[in-house]
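Below: one structure, written as C-alpha cells.
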Amino acid sequence: MDNQKPLNSLPDYLDHLLEGCLIVNESSDVVYMNKQAAEHFRVDRNLCIGGKLNNIFKGKNKNHLFNRIEKNVTGKKSVLFEEKIAFTYDDFLWLKIRVKPIPQGVMLLTVDITAQKEAENLFRERDEEYHKSLDELNAVINALPGIVTVVDTEFRVLHANEQAYKKFGQSCLEEILGKTCYSVRKKLKKPCPQCNLVKAFNDGKVKVRLSTPEEEKMLGFSTKAYAIPLFDKNGKLWGGVEVIMDIDDIRKAGVELEKLNSELQEKNTFIQTILDNLPIGIALNAIQSSKITYVNKKFEEIYGWSRNDIDSIHDFFEKVFSDPEYRAQIREQVLSDIKSGDPSRMHWENLKVTHRDGTKGIVNAVNIPLPEQNTMVSTVTDISGLKEIEKELKDINELLSKFILNSPIYTFIKEVTPDGSKVIVASENFIDMTGMPGSKMTGKTMEELFPPDFARKMTADDWQVVSNGEIIKLDEELEGRYYTTIKFPIKQGKRNLLAGYTIDITNRKQWEIAVKEKNDALLQANRELKRAKRKAEESDRLKSAFLANMSHEIRTPMNSIMGFASLLPEEDSMELLMNYAKIIVSSSEQLVHIIDDIVLYSRLQTRLLSYAPSQFIVQDLLSDVKQMFNLPDYKKGVELIIDSGDLLNNEITSDYEKVKQIFTNLVSNAFKYTPKGTITIGYSEINNKTAFFVKDTGVGIPKGEKEKIFDRFYRGSNVCKGNIGGTGLGLSIVKELVELIKGEIWVESIENSGTAFFFSV
C-alpha cells in the first residue's frame, strides 16, 4: 500500500497502459482519453477531450460504431466486441472494444488486435492452400495409370488409387489406410529386401524394376514398377510413391504418345497460324533469363523489328525506345510494375516507339506473367491510327462544343435516369432563360435550374424520349415567355442521353395572339353587325307592323269620334245624344292612352326620362293603383285585390311615379287577358329585396313565348285568338322602366292557369 501512487497521478498511470482508455459521460461528451486511445483512433486527444464522442470516429462505419457505443452509454450494459476502423481503403486497424458502465457514463477500453486478425487470416489462407494442395494430390494420384500407393517411411499406406485397393481385394480405400503395404500385398510381416521402395528409401533415388514371375502370377500381367522417394522442404525423407504399370499398357501408351505427338504438332501448326494472324502482337520471353523465345508476325509488324533483331528484353528496349532518357523512364516503370507481381499494374498505355525505318508509333502493351512456366506473355496493340482518330474526334468535339456554347438557339445534351435529368453541356445563351450560362449548368439537375412544376414535367418528358426512343416536339411556357423544344435520344453504350434545342417563340406567339385577338374581334364585330342587321330588320319589320297597328289603333277611336260627332247635330233624342257623347269620350280616352304610350316609349328610347327616387309608403302606392282601376269598365267579372302580407306600412325609397306606371301597365295588361277571376297586386321581401307582383287568373302565356313578351311591338298569340287590343308596347315599356329604376323583372306563367309578374326595386 505504501508504493501505491496518489489519485492525482491516475492519468499518468492510464497513459502507461497497453490498452486505450476513453471515459464518456451520459451526454456522450469525452471526459478523458489516454495516449493509446488517441493512437488507436488517430486523433489529437487535447482536441477531443470535452468534445462529442462521435467526433473521434473516422471512416465509413463511424456512425455504426458511435450508435453501437451510445446505446450502452444509456443502457448501462457491459459489452465486448471487435470492430474494423477503416481510415482509408488500405489503412485500417482491428480493435477489441470493451464498453464498461461507470457512474454517470461508461469507460471504453480498446486493444489493437490487427496483428492477431492478420495471423488468423494468414492461417485461414494457409489451411485453404493445404486442403487445396491435398485435393490436387488426390486428383493426380487418381489420374495416374496403373496401381499407385503412397506410404510413409514405415511403409504404412497413406493413400492409394482405386486400382490399388481393388487389386488387393479391398472394397474401399479406408480398409488399407494405416496398414503396411507388404502385409496388404504379400501378407508379409516385414518388407522384402528386394522391394523397390526399400532401395529408394536407402539411397534416396528413383528405382525402376520389372516384375518377377511370382509377381506376374499374382498380378496376372507383366509390370514395370517405379519407386519414388518423397522429401519435405528441409530435405528430410517422409515417404514414397510406388507406381506399378502394365507393360502392355506402357507399349500402348507409347503408341498413343506418338499419335498425340503428331496431333500436337498439327495443333501447334494450327495455333501458330492463328497467332500469326491475330490483330495484336504477341511475344514470349523467359522470366529468369529475359531471353525472347517467340514473337508472332503482328509483333514484328507493329515494332518493325524481326525476331532475329531482338534476342533479349535488353535488345528490345535498346531498339524500340531510341531516346535514352525516355528509354530509362519506361524501363524503370515497366520493371517496377513487373517486380510488383501485380498483373493489374502490367498495363502500359501510349508508349512511344521507334520502328526500324525510324518512323514513330504509339502502342498499348499488356504483360501476363506465368511464373510456373517461367514465361512472360507480352501483348501489344498499335493505336497510332486510333490516336489520329481520337485527335479528329477531339477536334470535332471542340467544334461541336463551340457551336453548342455559342449557338443562337438554346442547345443542350443531357443524361437521363428514372430519377432525373442532368445537364452534360448547354449553350451559353441559357443565361437569358435560367439566369445561368450553359458553362455553369453542367452537372445540374432540372430541379436546380427551373421551377418545381416545370422541372417535373421536363424530367418526365426527358424519360419518355430515352425510354421510348422517340423524338418529341413540345410547346412550353415559362415565366411569361413561350418556347418550342425538340428532343431526341442519343445511343451511347448503357448511358441514356438526349440532345435537343429550344427556340424562343415569344414574339411569334404574341403576334399570333394579337392576330387571333384581332380576328376574334372582327368575328365578334361581324356577329354584332349581323345581330344589329337582324335587329334592325326586325325593328324595321316591327316598326312597319307598329305603324300599321298604330294606324289601325288610332283610326278606330278617331273614326268613332268623328262619326258620332257628325251625328250629334242631327239627333233630337236626348238618350241617343248621351250615348253618342259617352262613345266620343271613351274613344277620346282610348286615343289619349295610345298617344301616352307612344310618347312614353319615345321618351324612354331617347333617354329623356331619369330616375327620381323618394320615400313613400308601399300601401299608399298600392291603394292609388287600385283606385285607378275602380271604374265600371274594369269590374265586369274581375276583382282587383291588394296582398301586402305583414308589410302593411313598409316605407321604401324608389321612383314613385315610375313604379306606379309599371303597376299601371301590368294591371292593365292583366285585365286584358283575364276574362274573369282575380287580379292580385302586392309586394314581399325576396332575398332582402322589395319585390312587387301582379298576379292574375287569366289565360296565361303559351309555352315558348315568355322570352318574347318584353320585346317591342310583340303581341302574343292570344291577341289573335281573342278580341284584345293594344299597341304591343306595354310590357316593353315596363321592362325599360324597371331597368331605369335599377331593378329586375321576371315572369311565371302556366297556359290557361294565369300569370304572375315580379319586379324588384
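In the C-alpha cells, chains take the letters A, B, ... in the order shown, each chain's residues start at 1, and ligands count up from 1 in the order shown.
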
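For segment 109-120 of chain A, the non-local neighbours within 10 Å, defined as residues at least 6 positions apart in the same chain or in other chains and counting only C-alpha atoms, are Leu18, Glu19, Gly20, Cys21, Leu22, Ile23, Gln36, Ala37, Glu39, His40, Phe41, Leu80, Phe81, Glu82, Glu83, Lys84, Phe92, Leu93, Trp94, Leu95, Lys96, Ile97, Arg98, Val99, Lys100 and Arg126 of chain A.
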
Residues flagged helix (DSSP H, G or I) by DSSP in segment 473-516 of chain A, as a list in words
Thr506, Asn507, Arg508, Lys509, Gln510, Trp511, Glu512, Ile513, Ala514, Val515 and Lys516 of chain A

Mind dumping the selected residues with all heavy atoms as a JSON list (two decimals), in the first residue's frame?
```
[["chain", "number", "residue", "atom", "x", "y", "z"],
["A", 506, "THR", "N", -41.59, 33.65, -78.36],
["A", 506, "THR", "CA", -42.46, 34.61, -77.67],
["A", 506, "THR", "C", -43.01, 35.66, -78.63],
["A", 506, "THR", "O", -44.22, 35.95, -78.64],
["A", 506, "THR", "CB", -41.70, 35.28, -76.52],
["A", 506, "THR", "OG1", -41.21, 34.27, -75.64],
["A", 506, "THR", "CG2", -42.62, 36.23, -75.75],
["A", 507, "ASN", "N", -42.11, 36.26, -79.46],
["A", 507, "ASN", "CA", -42.57, 37.31, -80.39],
["A", 507, "ASN", "C", -43.60, 36.75, -81.37],
["A", 507, "ASN", "O", -44.63, 37.39, -81.64],
["A", 507, "ASN", "CB", -41.38, 37.89, -81.14],
["A", 507, "ASN", "CG", -40.45, 38.66, -80.22],
["A", 507, "ASN", "OD1", -40.86, 39.12, -79.16],
["A", 507, "ASN", "ND2", -39.19, 38.76, -80.59],
["A", 508, "ARG", "N", -43.31, 35.54, -81.90],
["A", 508, "ARG", "CA", -44.26, 34.94, -82.83],
["A", 508, "ARG", "C", -45.58, 34.63, -82.13],
["A", 508, "ARG", "O", -46.66, 34.86, -82.68],
["A", 508, "ARG", "CB", -43.67, 33.65, -83.40],
["A", 508, "ARG", "CG", -44.48, 33.07, -84.54],
["A", 508, "ARG", "CD", -43.94, 31.73, -84.98],
["A", 508, "ARG", "NE", -44.35, 30.69, -84.06],
["A", 508, "ARG", "CZ", -43.90, 29.45, -84.12],
["A", 508, "ARG", "NH1", -42.98, 29.11, -85.00],
["A", 508, "ARG", "NH2", -44.34, 28.54, -83.26],
["A", 509, "LYS", "N", -45.46, 34.12, -80.87],
["A", 509, "LYS", "CA", -46.66, 33.78, -80.13],
["A", 509, "LYS", "C", -47.49, 35.03, -79.84],
["A", 509, "LYS", "O", -48.73, 35.01, -79.98],
["A", 509, "LYS", "CB", -46.26, 33.10, -78.81],
["A", 509, "LYS", "CG", -47.40, 32.43, -78.07],
["A", 509, "LYS", "CD", -47.79, 31.14, -78.76],
["A", 509, "LYS", "CE", -48.84, 30.38, -77.95],
["A", 509, "LYS", "NZ", -49.25, 29.14, -78.63],
["A", 510, "GLN", "N", -46.78, 36.12, -79.45],
["A", 510, "GLN", "CA", -47.50, 37.36, -79.19],
["A", 510, "GLN", "C", -48.17, 37.88, -80.46],
["A", 510, "GLN", "O", -49.30, 38.39, -80.42],
["A", 510, "GLN", "CB", -46.53, 38.40, -78.63],
["A", 510, "GLN", "CG", -46.06, 38.07, -77.21],
["A", 510, "GLN", "CD", -44.99, 39.00, -76.71],
["A", 510, "GLN", "OE1", -44.37, 39.74, -77.51],
["A", 510, "GLN", "NE2", -44.73, 38.98, -75.42],
["A", 511, "TRP", "N", -47.46, 37.73, -81.60],
["A", 511, "TRP", "CA", -48.06, 38.14, -82.87],
["A", 511, "TRP", "C", -49.28, 37.27, -83.18],
["A", 511, "TRP", "O", -50.33, 37.79, -83.59],
["A", 511, "TRP", "CB", -47.02, 38.01, -83.98],
["A", 511, "TRP", "CG", -47.56, 38.37, -85.34],
["A", 511, "TRP", "CD1", -47.71, 39.60, -85.87],
["A", 511, "TRP", "CD2", -48.00, 37.43, -86.33],
["A", 511, "TRP", "NE1", -48.23, 39.53, -87.14],
["A", 511, "TRP", "CE2", -48.43, 38.19, -87.45],
["A", 511, "TRP", "CE3", -48.09, 36.05, -86.40],
["A", 511, "TRP", "CZ2", -48.93, 37.60, -88.61],
["A", 511, "TRP", "CZ3", -48.59, 35.46, -87.55],
["A", 511, "TRP", "CH2", -49.01, 36.24, -88.64],
["A", 512, "GLU", "N", -49.15, 35.94, -82.94],
["A", 512, "GLU", "CA", -50.28, 35.04, -83.18],
["A", 512, "GLU", "C", -51.46, 35.40, -82.28],
["A", 512, "GLU", "O", -52.61, 35.40, -82.72],
["A", 512, "GLU", "CB", -49.86, 33.59, -82.93],
["A", 512, "GLU", "CG", -48.93, 33.03, -83.99],
["A", 512, "GLU", "CD", -48.46, 31.62, -83.64],
["A", 512, "GLU", "OE1", -48.76, 31.16, -82.51],
["A", 512, "GLU", "OE2", -47.80, 30.99, -84.49],
["A", 513, "ILE", "N", -51.13, 35.71, -81.00],
["A", 513, "ILE", "CA", -52.20, 36.09, -80.06],
["A", 513, "ILE", "C", -52.87, 37.38, -80.51],
["A", 513, "ILE", "O", -54.11, 37.50, -80.49],
["A", 513, "ILE", "CB", -51.63, 36.23, -78.63],
["A", 513, "ILE", "CG1", -51.19, 34.86, -78.10],
["A", 513, "ILE", "CG2", -52.65, 36.86, -77.69],
["A", 513, "ILE", "CD1", -50.43, 34.91, -76.78],
["A", 514, "ALA", "N", -52.01, 38.36, -80.94],
["A", 514, "ALA", "CA", -52.58, 39.63, -81.41],
["A", 514, "ALA", "C", -53.46, 39.42, -82.64],
["A", 514, "ALA", "O", -54.56, 39.98, -82.75],
["A", 514, "ALA", "CB", -51.46, 40.63, -81.71],
["A", 515, "VAL", "N", -52.96, 38.59, -83.57],
["A", 515, "VAL", "CA", -53.74, 38.30, -84.78],
["A", 515, "VAL", "C", -55.04, 37.61, -84.41],
["A", 515, "VAL", "O", -56.11, 37.93, -84.94],
["A", 515, "VAL", "CB", -52.92, 37.44, -85.75],
["A", 515, "VAL", "CG1", -53.79, 36.91, -86.88],
["A", 515, "VAL", "CG2", -51.77, 38.25, -86.32],
["A", 516, "LYS", "N", -54.93, 36.63, -83.46],
["A", 516, "LYS", "CA", -56.14, 35.91, -83.04],
["A", 516, "LYS", "C", -57.13, 36.86, -82.38],
["A", 516, "LYS", "O", -58.35, 36.79, -82.62],
["A", 516, "LYS", "CB", -55.77, 34.79, -82.07],
["A", 516, "LYS", "CG", -56.94, 33.90, -81.67],
["A", 516, "LYS", "CD", -56.48, 32.77, -80.77],
["A", 516, "LYS", "CE", -57.65, 31.84, -80.43],
["A", 516, "LYS", "NZ", -58.75, 32.53, -79.78]]
```

Do a neighbour search on Tyr165 of chain A at 12 Å with only C-alpha atoms, toss out local chain neighbours closer than 4 positions, and write the hits as a PDB file with N, CA and C atoms, in the first residue's frame.
```
ATOM      1  N   ASN A 142      -5.223 -40.219 -58.460  1.00  0.00           N
ATOM      2  CA  ASN A 142      -6.336 -40.946 -59.075  1.00  0.00           C
ATOM      3  C   ASN A 142      -6.266 -40.918 -60.595  1.00  0.00           C
ATOM      4  N   GLY A 146      -2.244 -47.362 -63.805  1.00  0.00           N
ATOM      5  CA  GLY A 146      -1.661 -48.447 -63.022  1.00  0.00           C
ATOM      6  C   GLY A 146      -2.039 -48.364 -61.569  1.00  0.00           C
ATOM      7  N   ILE A 147      -1.236 -49.112 -60.739  1.00  0.00           N
ATOM      8  CA  ILE A 147      -1.502 -49.195 -59.302  1.00  0.00           C
ATOM      9  C   ILE A 147      -0.592 -48.197 -58.607  1.00  0.00           C
ATOM     10  N   VAL A 148      -1.187 -47.266 -57.836  1.00  0.00           N
ATOM     11  CA  VAL A 148      -0.424 -46.205 -57.180  1.00  0.00           C
ATOM     12  C   VAL A 148      -0.671 -46.285 -55.686  1.00  0.00           C
ATOM     13  N   THR A 149       0.450 -46.306 -54.931  1.00  0.00           N
ATOM     14  CA  THR A 149       0.362 -46.361 -53.470  1.00  0.00           C
ATOM     15  C   THR A 149       1.332 -45.344 -52.884  1.00  0.00           C
ATOM     16  N   VAL A 150       0.854 -44.567 -51.895  1.00  0.00           N
ATOM     17  CA  VAL A 150       1.691 -43.594 -51.186  1.00  0.00           C
ATOM     18  C   VAL A 150       1.868 -44.115 -49.764  1.00  0.00           C
ATOM     19  N   VAL A 157       0.388 -47.323 -45.453  1.00  0.00           N
ATOM     20  CA  VAL A 157      -0.330 -46.735 -46.599  1.00  0.00           C
ATOM     21  C   VAL A 157      -0.985 -45.413 -46.171  1.00  0.00           C
ATOM     22  N   HIS A 159      -2.106 -43.247 -48.842  1.00  0.00           N
ATOM     23  CA  HIS A 159      -3.102 -43.019 -49.891  1.00  0.00           C
ATOM     24  C   HIS A 159      -2.885 -44.049 -50.993  1.00  0.00           C
ATOM     25  N   ALA A 160      -3.928 -44.337 -51.748  1.00  0.00           N
ATOM     26  CA  ALA A 160      -3.825 -45.263 -52.874  1.00  0.00           C
ATOM     27  C   ALA A 160      -4.962 -44.972 -53.833  1.00  0.00           C
ATOM     28  N   ASN A 161      -4.750 -45.270 -55.110  1.00  0.00           N
ATOM     29  CA  ASN A 161      -5.844 -45.058 -56.052  1.00  0.00           C
ATOM     30  C   ASN A 161      -6.781 -46.257 -56.053  1.00  0.00           C
ATOM     31  N   GLY A 169      -8.011 -56.796 -53.233  1.00  0.00           N
ATOM     32  CA  GLY A 169      -9.208 -57.411 -52.674  1.00  0.00           C
ATOM     33  C   GLY A 169      -9.963 -56.570 -51.674  1.00  0.00           C
ATOM     34  N   GLN A 170      -9.754 -55.260 -51.703  1.00  0.00           N
ATOM     35  CA  GLN A 170     -10.459 -54.384 -50.768  1.00  0.00           C
ATOM     36  C   GLN A 170     -11.543 -53.602 -51.528  1.00  0.00           C
ATOM     37  N   SER A 171     -12.603 -53.225 -50.762  1.00  0.00           N
ATOM     38  CA  SER A 171     -13.726 -52.519 -51.410  1.00  0.00           C
ATOM     39  C   SER A 171     -13.604 -51.002 -51.337  1.00  0.00           C
ATOM     40  N   CYS A 172     -12.774 -50.516 -50.426  1.00  0.00           N
ATOM     41  CA  CYS A 172     -12.614 -49.062 -50.309  1.00  0.00           C
ATOM     42  C   CYS A 172     -11.235 -48.735 -49.763  1.00  0.00           C
ATOM     43  N   LEU A 173     -10.859 -47.478 -49.906  1.00  0.00           N
ATOM     44  CA  LEU A 173      -9.521 -47.028 -49.500  1.00  0.00           C
ATOM     45  C   LEU A 173      -9.321 -47.157 -47.996  1.00  0.00           C
ATOM     46  N   GLU A 174     -10.367 -46.892 -47.204  1.00  0.00           N
ATOM     47  CA  GLU A 174     -10.239 -46.890 -45.750  1.00  0.00           C
ATOM     48  C   GLU A 174      -9.780 -48.242 -45.204  1.00  0.00           C
ATOM     49  N   GLU A 175     -10.017 -49.371 -45.955  1.00  0.00           N
ATOM     50  CA  GLU A 175      -9.668 -50.708 -45.480  1.00  0.00           C
ATOM     51  C   GLU A 175      -8.157 -50.967 -45.507  1.00  0.00           C
ATOM     52  N   ILE A 176      -7.385 -50.145 -46.242  1.00  0.00           N
ATOM     53  CA  ILE A 176      -5.927 -50.363 -46.299  1.00  0.00           C
ATOM     54  C   ILE A 176      -5.149 -49.207 -45.694  1.00  0.00           C
ATOM     55  N   LEU A 177      -5.809 -48.079 -45.393  1.00  0.00           N
ATOM     56  CA  LEU A 177      -5.101 -46.932 -44.813  1.00  0.00           C
ATOM     57  C   LEU A 177      -4.511 -47.310 -43.452  1.00  0.00           C
ATOM     58  N   LYS A 179      -2.264 -49.521 -42.836  1.00  0.00           N
ATOM     59  CA  LYS A 179      -1.638 -50.847 -42.870  1.00  0.00           C
ATOM     60  C   LYS A 179      -0.367 -50.785 -43.697  1.00  0.00           C
ATOM     61  N   CYS A 181       2.233 -51.777 -46.600  1.00  0.00           N
ATOM     62  CA  CYS A 181       1.989 -52.210 -47.978  1.00  0.00           C
ATOM     63  C   CYS A 181       2.369 -53.676 -48.183  1.00  0.00           C
ATOM     64  N   VAL A 184      -0.389 -55.977 -46.891  1.00  0.00           N
ATOM     65  CA  VAL A 184      -1.585 -55.952 -47.731  1.00  0.00           C
ATOM     66  C   VAL A 184      -1.348 -56.737 -49.002  1.00  0.00           C
ATOM     67  N   ARG A 185      -0.174 -56.558 -49.626  1.00  0.00           N
ATOM     68  CA  ARG A 185       0.078 -57.179 -50.936  1.00  0.00           C
ATOM     69  C   ARG A 185       0.473 -58.656 -50.810  1.00  0.00           C
TER      70      ARG A 185
END
```

Atom CA of Gly304 of chain A sits from atom CA of Leu335 of chain A at a separation of 23.0 Å

Can you work out which one of A:Lys402, A:Lys708, A:Lys58, A:Lys52 has the shortest atom-to-atom distance to Glu70 of chain A, counting only C-alpha atoms?
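Closest residue, counting only C-alpha atoms: A:Lys52.
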
Leaving out Pro145 of chain A and any residue of its chain fewer than 2 positions from it, which residues lie within 9 Å of it when counting only C-alpha atoms, given as a PDB file with C-alpha atoms, in the first residue's frame?
```pdb
ATOM      1  CA  ILE A 141      -2.887 -39.928 -57.843  1.00  0.00           C
ATOM      2  CA  ASN A 142      -6.336 -40.946 -59.075  1.00  0.00           C
ATOM      3  CA  ALA A 143      -5.460 -39.829 -62.605  1.00  0.00           C
ATOM      4  CA  ILE A 147      -1.502 -49.195 -59.302  1.00  0.00           C
ATOM      5  CA  VAL A 148      -0.424 -46.205 -57.180  1.00  0.00           C
ATOM      6  CA  GLN A 163      -6.935 -49.744 -58.848  1.00  0.00           C
ATOM      7  CA  VAL A 243       3.628 -46.918 -59.284  1.00  0.00           C
ATOM      8  CA  ILE A 244       3.131 -50.371 -60.844  1.00  0.00           C
ATOM      9  CA  MET A 245       2.218 -50.260 -64.538  1.00  0.00           C
ATOM     10  CA  ASP A 246       1.194 -52.957 -67.043  1.00  0.00           C
ATOM     11  CA  ASP A 249      -0.279 -50.587 -71.233  1.00  0.00           C
TER      12      ASP A 249
END
```

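From atom CA of Tyr714 of chain A back to atom CA of Leu591 of chain A, the distance works out to 20.0 Å.
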
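Compared by their closest atoms to Leu729 of chain A, and using only C-alpha atoms, the residues A:Asp342, A:Glu154, A:Glu744, A:Asp711 rank with A:Asp711 nearest.
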